[in-house]
Every structure is written in C-alpha cells, then in structure tokens.
Amino acid sequence: MRAARNTFDAGSLSSKVFSSFRSITRAVAIGGFGLLGSACSANQGSARGGLLVIISNDGTLKLDRLSIKVTNAAGIALMQNDFRVPETPLPNTLSIVSNGSATATATIVVSAWLGDVPVDLRDAIVTQIPEGRLAVFEVRLSAACSGFVKIAEDGRTPISTCEPGFTCDPIQQKCVSSDVNASALPDYAPPESRVDAGVDGGPASGLPSVTPLVLDFGDVNCGATTAAKTVTLENPLDRSVVWFATPAKGPQSAFTVDPVRGTLAPHGNAVVTVIPKPVPAVSTTAKNGLGDQLEVTLDEATVRVALEETAAGAVLTFLPEKGGTYDNVPLNSGAIEGPLAVVNSGNRAAQGSLTLTGSAPF
C-alpha cells in the first residue's frame, strides 16, 4: 500500500504526511492512487480541511498512462508519480490537506499519455485551500484538449501550447486561466448523502432530479439551425449538490451546453440550456442522425437526457453516376434510349432541371 503518498500538507509546503490520514487511508484500502472509498476519510479530513482532487475522463480520451505532479508555492515536489490505465481506473482521487493557513497554495499538473504521445495536459494553481471543510476540484480529461499539448525538444516532457498561466478548458476548447480559488469550490459530499441512481436510470425518488428526460429538436433543414431547449435540475435535499452536464459525444456532438457545471443549493434548482449547432450542409438524413445524450452528473449518479434531432434535406444520386454517353449516332436516327435516373434518398423533396447537350446537327 502507498496510500499515504496521496495525502499532502499544502499549507506547510512540505511533503510530510499526517499520521492520522495515513491510518484512515489504510483503513479504507486506498492504493497508491486510489479511490476515496469511505465517508470516514472525508469526514476526518474535513475537520482540518483541505482539497479533494478528482481526476476523471469524459469518455472521449484514449490513454494508457497518467502522470501527476503536485508542488508547493516554492516549487518543491510533494508528489510525482506515473500510473497505468486501466490498472488504475478513472475516476480517482488524491487529498491535499490544509495546515489552517488561508494562503495555502498547491500546483497540480496532470498529463495523460497514449504510448509515448501526450494526449492531454492540465495544470491548476489552487489557492486558499480551505480549512474546516473539504472542497472538491475535478480535472476532467478530454480529447478536446489533445491539440493543446505537445512534446518538448527533450522528447520526454509534455508542454502546453497555451501561454504561461493558462491551461486547456475542454468545454470551451480554448486556453483559460490556470488559477483556481478553492474558496469558491463546492464541498465534498460523503457517500451516505450522495445521490443514488434509480432503477429507471434517473435519480431515486426524493433525490435531485432532471426534467424532461427527452428533448426533441425535430427535423431541421440542412444548413439551418433550430431554437435551444432547456432542462431543469431540482434539489429537494437539505444540502448542496454538485452537478456537471456534458453531451455524451463530446466535441463531436451536434449540441453545446450552457452552463456545464454548478452547485444546486439546498431545495434549489438550476436551468441548463442545450443549444443545437447549425446542421451541416452535407449531413445524414437518417432518423435522429444528429441525436445525442445529455449526461447530467449529480454527485455520483448520472442522469441521461435524450437529445433528438434529424437533418432534413434531399440526397440526390445520379444513375449512372457519370451520366450517359452516346457516340456515333447517325443523323435522323430517331429516339435514343439509355439508362439515366436521379434518385432521392433523403427525407425532403427536391426540384431540379435536366439538360441534354450535344453537337449539332441531330
């Protein structure tokens, strides 16, 4: 077991691990980079306060190795390890413990690899690591950030293509500030108070819910777009609930979402807007060919909302594809017959004209 290596005193800016956290992590059988598996770990840690870092994958990124480095404000490494995936499955967590100082700072760098190629790189400078509560910070890896990382000239070190002090945001697909104020992060919810999934795929009765479960955007003409629709998140509990909302297909989805994350206040609600992208001029006209799912994560439960959309248009095919050619036709030979057809396999009618050309006289 190497569980103690996953707990750091960020406030003292040293690599010392508290003996109390060492015994707790062993009790819940956390591995060297393991999943926080018991409420007792969070509850004990939150008496002192700190940060729970959750490293996850949005499902679009292929990787086989993960590298994590945590440093203090002085640049001293508190942790630097590589982990194999899927031997170490995602999501996974590590804990950073506050020393009670409001100025505690930690820099977290996570890089994902596929073979010898870096496929994602994130860095966050987390300030004001809280005392008296356990805040949650998620690093969600994504293929949307693969274009923001490259290998350094030494052939080993991944470097970001963003400017210093910036990192990739997979939702916006652009560089954003690396600074994270932990005082604004949501609280960790122990397992016994988290949302449990219901048998129908949504949350169980009396727990946070998402409505409606189907958004039908109908048939939309190729090259056009249609109006956005919304879903409502409701929280009947006496505590806050952290939520995330993303299209299942990621950047390849026909939809964008706004906002993509937030916190539901006790007995509060939130509205998430699903915005269709313009339908490509050349697109499949299959029923629900542009469809997707909106995945709404409420604590650890995921509710899926069906997003339905069909491209409307004509798909014309000429048979034979290159038309017909009639050579050496005698003068005054009368009617000439040959195969020529236009087939519409789309879902809308189309108007067109047929032009026959040839050398005079006929």
# chains A, B, ... in the order shown; residues from 1 in each chain; ligands from 1
>>> residues_around(residues="A:Gly291", least_positions_apart="4", cutoff="8 Å", atoms="only C-alpha atoms", output="number ranges by chain")
A: 254, 306-310
>>> closest_atom_pairs(of="stretch 46-154 of chain A", to="stretch 158-180 of chain A", cutoff="12 Å", atoms="only C-alpha atoms", output="JSON lines")
{"residue": "A:Leu51", "atom": "CA", "partner": "A:Val180", "partner_atom": "CA", "distance": 11.7}
{"residue": "A:Asn57", "atom": "CA", "partner": "A:Pro170", "partner_atom": "CA", "distance": 10.9}
{"residue": "A:Asp58", "atom": "CA", "partner": "A:Pro170", "partner_atom": "CA", "distance": 9.4}
{"residue": "A:Thr60", "atom": "CA", "partner": "A:Pro170", "partner_atom": "CA", "distance": 10.7}
{"residue": "A:Leu61", "atom": "CA", "partner": "A:Pro170", "partner_atom": "CA", "distance": 11.0}
{"residue": "A:Leu66", "atom": "CA", "partner": "A:Pro158", "partner_atom": "CA", "distance": 11.9}
{"residue": "A:Ser67", "atom": "CA", "partner": "A:Pro158", "partner_atom": "CA", "distance": 10.3}
{"residue": "A:Thr105", "atom": "CA", "partner": "A:Val180", "partner_atom": "CA", "distance": 9.9}
{"residue": "A:Ala106", "atom": "CA", "partner": "A:Val180", "partner_atom": "CA", "distance": 10.0}
{"residue": "A:Thr107", "atom": "CA", "partner": "A:Asp179", "partner_atom": "CA", "distance": 9.3}
{"residue": "A:Ile108", "atom": "CA", "partner": "A:Ser178", "partner_atom": "CA", "distance": 9.8}
{"residue": "A:Val109", "atom": "CA", "partner": "A:Thr167", "partner_atom": "CA", "distance": 10.1}
{"residue": "A:Val110", "atom": "CA", "partner": "A:Pro158", "partner_atom": "CA", "distance": 10.2}
{"residue": "A:Ser111", "atom": "CA", "partner": "A:Pro158", "partner_atom": "CA", "distance": 7.5}
{"residue": "A:Ala112", "atom": "CA", "partner": "A:Pro158", "partner_atom": "CA", "distance": 9.3}
{"residue": "A:Trp113", "atom": "CA", "partner": "A:Pro158", "partner_atom": "CA", "distance": 9.3}
{"residue": "A:Asp116", "atom": "CA", "partner": "A:Pro158", "partner_atom": "CA", "distance": 10.1}
{"residue": "A:Val117", "atom": "CA", "partner": "A:Pro158", "partner_atom": "CA", "distance": 8.6}
{"residue": "A:Pro118", "atom": "CA", "partner": "A:Pro158", "partner_atom": "CA", "distance": 6.2}
{"residue": "A:Val119", "atom": "CA", "partner": "A:Pro158", "partner_atom": "CA", "distance": 9.1}
{"residue": "A:Asp120", "atom": "CA", "partner": "A:Cys168", "partner_atom": "CA", "distance": 8.7}
{"residue": "A:Leu121", "atom": "CA", "partner": "A:Ser160", "partner_atom": "CA", "distance": 6.6}
{"residue": "A:Arg122", "atom": "CA", "partner": "A:Thr167", "partner_atom": "CA", "distance": 5.9}
{"residue": "A:Asp123", "atom": "CA", "partner": "A:Thr167", "partner_atom": "CA", "distance": 6.2}
{"residue": "A:Ala124", "atom": "CA", "partner": "A:Ser178", "partner_atom": "CA", "distance": 4.7}
{"residue": "A:Ile125", "atom": "CA", "partner": "A:Asp179", "partner_atom": "CA", "distance": 4.9}
{"residue": "A:Val126", "atom": "CA", "partner": "A:Val180", "partner_atom": "CA", "distance": 4.7}
{"residue": "A:Thr127", "atom": "CA", "partner": "A:Val180", "partner_atom": "CA", "distance": 6.3}
{"residue": "A:Gln128", "atom": "CA", "partner": "A:Val180", "partner_atom": "CA", "distance": 8.9}
{"residue": "A:Ile129", "atom": "CA", "partner": "A:Val180", "partner_atom": "CA", "distance": 9.8}
{"residue": "A:Ala135", "atom": "CA", "partner": "A:Val180", "partner_atom": "CA", "distance": 11.8}
{"residue": "A:Val136", "atom": "CA", "partner": "A:Val180", "partner_atom": "CA", "distance": 11.5}
{"residue": "A:Phe137", "atom": "CA", "partner": "A:Val180", "partner_atom": "CA", "distance": 8.9}
{"residue": "A:Glu138", "atom": "CA", "partner": "A:Val180", "partner_atom": "CA", "distance": 11.1}
{"residue": "A:Val139", "atom": "CA", "partner": "A:Asp169", "partner_atom": "CA", "distance": 9.9}
{"residue": "A:Arg140", "atom": "CA", "partner": "A:Pro170", "partner_atom": "CA", "distance": 8.1}
{"residue": "A:Leu141", "atom": "CA", "partner": "A:Pro170", "partner_atom": "CA", "distance": 7.8}
{"residue": "A:Ser142", "atom": "CA", "partner": "A:Pro170", "partner_atom": "CA", "distance": 6.2}
{"residue": "A:Ala143", "atom": "CA", "partner": "A:Pro170", "partner_atom": "CA", "distance": 7.8}
{"residue": "A:Ala144", "atom": "CA", "partner": "A:Pro170", "partner_atom": "CA", "distance": 5.2}
{"residue": "A:Cys145", "atom": "CA", "partner": "A:Pro170", "partner_atom": "CA", "distance": 5.6}
{"residue": "A:Ser146", "atom": "CA", "partner": "A:Cys168", "partner_atom": "CA", "distance": 9.1}
{"residue": "A:Gly147", "atom": "CA", "partner": "A:Thr161", "partner_atom": "CA", "distance": 8.1}
{"residue": "A:Phe148", "atom": "CA", "partner": "A:Thr161", "partner_atom": "CA", "distance": 5.0}
{"residue": "A:Val149", "atom": "CA", "partner": "A:Ser160", "partner_atom": "CA", "distance": 4.5}
{"residue": "A:Lys150", "atom": "CA", "partner": "A:Ile159", "partner_atom": "CA", "distance": 5.5}
{"residue": "A:Ile151", "atom": "CA", "partner": "A:Pro158", "partner_atom": "CA", "distance": 4.6}
{"residue": "A:Ala152", "atom": "CA", "partner": "A:Pro158", "partner_atom": "CA", "distance": 5.9}
{"residue": "A:Glu153", "atom": "CA", "partner": "A:Pro158", "partner_atom": "CA", "distance": 9.5}
{"residue": "A:Asp154", "atom": "CA", "partner": "A:Pro158", "partner_atom": "CA", "distance": 9.5}
>>> residues_around(residues="A:Thr226", least_positions_apart="2", cutoff="10 Å", atoms="only C-alpha atoms", output="number ranges by chain")
A: 217-221, 224, 228-229, 275-279, 309
>>> atom_distance(atom1="atom CA of A:Leu294", atom2="atom CA of A:Thr246")
5.8 Å
>>> select_by_dssp(residues="stretch 43-178 of chain A", states="helix (DSSP H, G or I)", output="list of chain:residue names")
A:Asn43, A:Gln44, A:Gly45, A:Ser46, A:Ala143, A:Ala144, A:Cys145, A:Ser146, A:Gly147, A:Phe148
>>> closest_residue(among="A:Val241, A:Ala311, A:Ala73, A:Leu233", to="A:Asn288", atoms="only C-alpha atoms")
A:Ala311
>>> closest_residue(among="A:Asp299, A:Asp187, A:Leu94, A:Thr103", to="A:Met79", atoms="only C-alpha atoms")
A:Leu94
>>> residues_around(residues="A:Phe244", least_positions_apart="3", cutoff="7 Å", atoms="only C-alpha atoms", output="JSON, numbers by chain")
{"A": [260, 261, 262, 296, 297, 298]}
>>> write_last_selection(atoms="all heavy atoms", output="PDB file, in the first residue's frame")
ATOM      1  N   VAL A 260     -22.128  24.319 -17.881  1.00  0.00           N
ATOM      2  CA  VAL A 260     -21.724  22.913 -17.887  1.00  0.00           C
ATOM      3  C   VAL A 260     -21.488  22.370 -16.480  1.00  0.00           C
ATOM      4  O   VAL A 260     -21.299  21.173 -16.311  1.00  0.00           O
ATOM      5  CB  VAL A 260     -20.448  22.720 -18.730  1.00  0.00           C
ATOM      6  CG1 VAL A 260     -20.710  23.083 -20.183  1.00  0.00           C
ATOM      7  CG2 VAL A 260     -19.302  23.552 -18.164  1.00  0.00           C
ATOM      8  N   ARG A 261     -21.490  23.222 -15.495  1.00  0.00           N
ATOM      9  CA  ARG A 261     -21.274  22.772 -14.126  1.00  0.00           C
ATOM     10  C   ARG A 261     -21.875  23.786 -13.165  1.00  0.00           C
ATOM     11  O   ARG A 261     -22.161  24.922 -13.537  1.00  0.00           O
ATOM     12  CB  ARG A 261     -19.781  22.595 -13.840  1.00  0.00           C
ATOM     13  CG  ARG A 261     -18.984  23.871 -13.995  1.00  0.00           C
ATOM     14  CD  ARG A 261     -17.536  23.665 -13.614  1.00  0.00           C
ATOM     15  NE  ARG A 261     -16.850  22.775 -14.516  1.00  0.00           N
ATOM     16  CZ  ARG A 261     -16.230  23.173 -15.612  1.00  0.00           C
ATOM     17  NH1 ARG A 261     -16.236  24.450 -15.933  1.00  0.00           N
ATOM     18  NH2 ARG A 261     -15.632  22.317 -16.404  1.00  0.00           N
ATOM     19  N   GLY A 262     -22.062  23.346 -11.941  1.00  0.00           N
ATOM     20  CA  GLY A 262     -22.595  24.255 -10.939  1.00  0.00           C
ATOM     21  C   GLY A 262     -22.891  23.524  -9.645  1.00  0.00           C
ATOM     22  O   GLY A 262     -22.568  22.339  -9.489  1.00  0.00           O
ATOM     23  N   VAL A 296     -26.018  14.272 -17.259  1.00  0.00           N
ATOM     24  CA  VAL A 296     -26.034  15.166 -16.103  1.00  0.00           C
ATOM     25  C   VAL A 296     -25.596  14.364 -14.886  1.00  0.00           C
ATOM     26  O   VAL A 296     -26.271  13.404 -14.491  1.00  0.00           O
ATOM     27  CB  VAL A 296     -27.429  15.765 -15.874  1.00  0.00           C
ATOM     28  CG1 VAL A 296     -27.397  16.739 -14.695  1.00  0.00           C
ATOM     29  CG2 VAL A 296     -27.933  16.468 -17.132  1.00  0.00           C
ATOM     30  N   THR A 297     -24.453  14.722 -14.318  1.00  0.00           N
ATOM     31  CA  THR A 297     -23.931  14.040 -13.140  1.00  0.00           C
ATOM     32  C   THR A 297     -24.312  14.820 -11.892  1.00  0.00           C
ATOM     33  O   THR A 297     -23.991  16.007 -11.762  1.00  0.00           O
ATOM     34  CB  THR A 297     -22.407  13.900 -13.223  1.00  0.00           C
ATOM     35  OG1 THR A 297     -22.065  13.175 -14.402  1.00  0.00           O
ATOM     36  CG2 THR A 297     -21.861  13.160 -12.007  1.00  0.00           C
ATOM     37  N   LEU A 298     -25.031  14.161 -11.003  1.00  0.00           N
ATOM     38  CA  LEU A 298     -25.443  14.739  -9.730  1.00  0.00           C
ATOM     39  C   LEU A 298     -24.718  13.967  -8.639  1.00  0.00           C
ATOM     40  O   LEU A 298     -25.088  12.833  -8.327  1.00  0.00           O
ATOM     41  CB  LEU A 298     -26.958  14.639  -9.550  1.00  0.00           C
ATOM     42  CG  LEU A 298     -27.805  15.324 -10.642  1.00  0.00           C
ATOM     43  CD1 LEU A 298     -29.207  14.748 -10.671  1.00  0.00           C
ATOM     44  CD2 LEU A 298     -27.836  16.816 -10.412  1.00  0.00           C
TER      45      LEU A 298
END
>>> atom_distance(atom1="atom CA of A:Val272", atom2="atom CA of A:Ala245")
7.9 Å
>>> closest_residue(among="A:Gly75, A:Asp292, A:Pro91, A:Ser209", to="A:Gln252", atoms="only C-alpha atoms")
A:Asp292
>>> residues_around(residues="A:Ser253", least_positions_apart="4", cutoff="8 Å", atoms="only C-alpha atoms", output="PyMOL selection string")
chain A and resi 247-249+290+292
>>> write_last_selection(atoms="all heavy atoms", output="mmCIF file, in the first residue's frame")
data_model
loop_
_atom_site.group_PDB
_atom_site.id
_atom_site.type_symbol
_atom_site.label_atom_id
_atom_site.label_comp_id
_atom_site.auth_asym_id
_atom_site.auth_seq_id
_atom_site.Cartn_x
_atom_site.Cartn_y
_atom_site.Cartn_z
ATOM 1 N N PRO A 247 -22.537 16.818 -23.289
ATOM 2 C CA PRO A 247 -23.021 15.884 -24.309
ATOM 3 C C PRO A 247 -22.162 14.631 -24.319
ATOM 4 O O PRO A 247 -20.937 14.697 -24.178
ATOM 5 C CB PRO A 247 -22.870 16.671 -25.617
ATOM 6 C CG PRO A 247 -22.691 18.098 -25.211
ATOM 7 C CD PRO A 247 -22.019 18.061 -23.877
ATOM 8 N N ALA A 248 -22.777 13.479 -24.486
ATOM 9 C CA ALA A 248 -22.052 12.210 -24.455
ATOM 10 C C ALA A 248 -21.004 12.131 -25.563
ATOM 11 O O ALA A 248 -19.949 11.520 -25.386
ATOM 12 C CB ALA A 248 -23.031 11.046 -24.556
ATOM 13 N N LYS A 249 -21.271 12.752 -26.717
ATOM 14 C CA LYS A 249 -20.346 12.683 -27.848
ATOM 15 C C LYS A 249 -19.235 13.719 -27.767
ATOM 16 O O LYS A 249 -18.390 13.791 -28.671
ATOM 17 C CB LYS A 249 -21.109 12.836 -29.167
ATOM 18 C CG LYS A 249 -22.054 11.685 -29.469
ATOM 19 C CD LYS A 249 -22.747 11.876 -30.811
ATOM 20 C CE LYS A 249 -23.683 10.728 -31.131
ATOM 21 N NZ LYS A 249 -24.382 10.913 -32.425
ATOM 22 N N LEU A 290 -28.570 13.070 -35.916
ATOM 23 C CA LEU A 290 -27.776 14.050 -35.170
ATOM 24 C C LEU A 290 -27.987 13.912 -33.664
ATOM 25 O O LEU A 290 -27.518 14.742 -32.890
ATOM 26 C CB LEU A 290 -28.146 15.472 -35.610
ATOM 27 C CG LEU A 290 -27.963 15.783 -37.090
ATOM 28 C CD1 LEU A 290 -28.434 17.194 -37.406
ATOM 29 C CD2 LEU A 290 -26.503 15.620 -37.492
ATOM 30 N N ASP A 292 -28.047 12.704 -29.666
ATOM 31 C CA ASP A 292 -27.007 12.527 -28.658
ATOM 32 C C ASP A 292 -27.693 12.331 -27.307
ATOM 33 O O ASP A 292 -28.929 12.243 -27.239
ATOM 34 C CB ASP A 292 -26.083 13.749 -28.626
ATOM 35 C CG ASP A 292 -24.744 13.474 -27.955
ATOM 36 O OD1 ASP A 292 -24.578 12.391 -27.364
ATOM 37 O OD2 ASP A 292 -23.870 14.355 -28.009
#
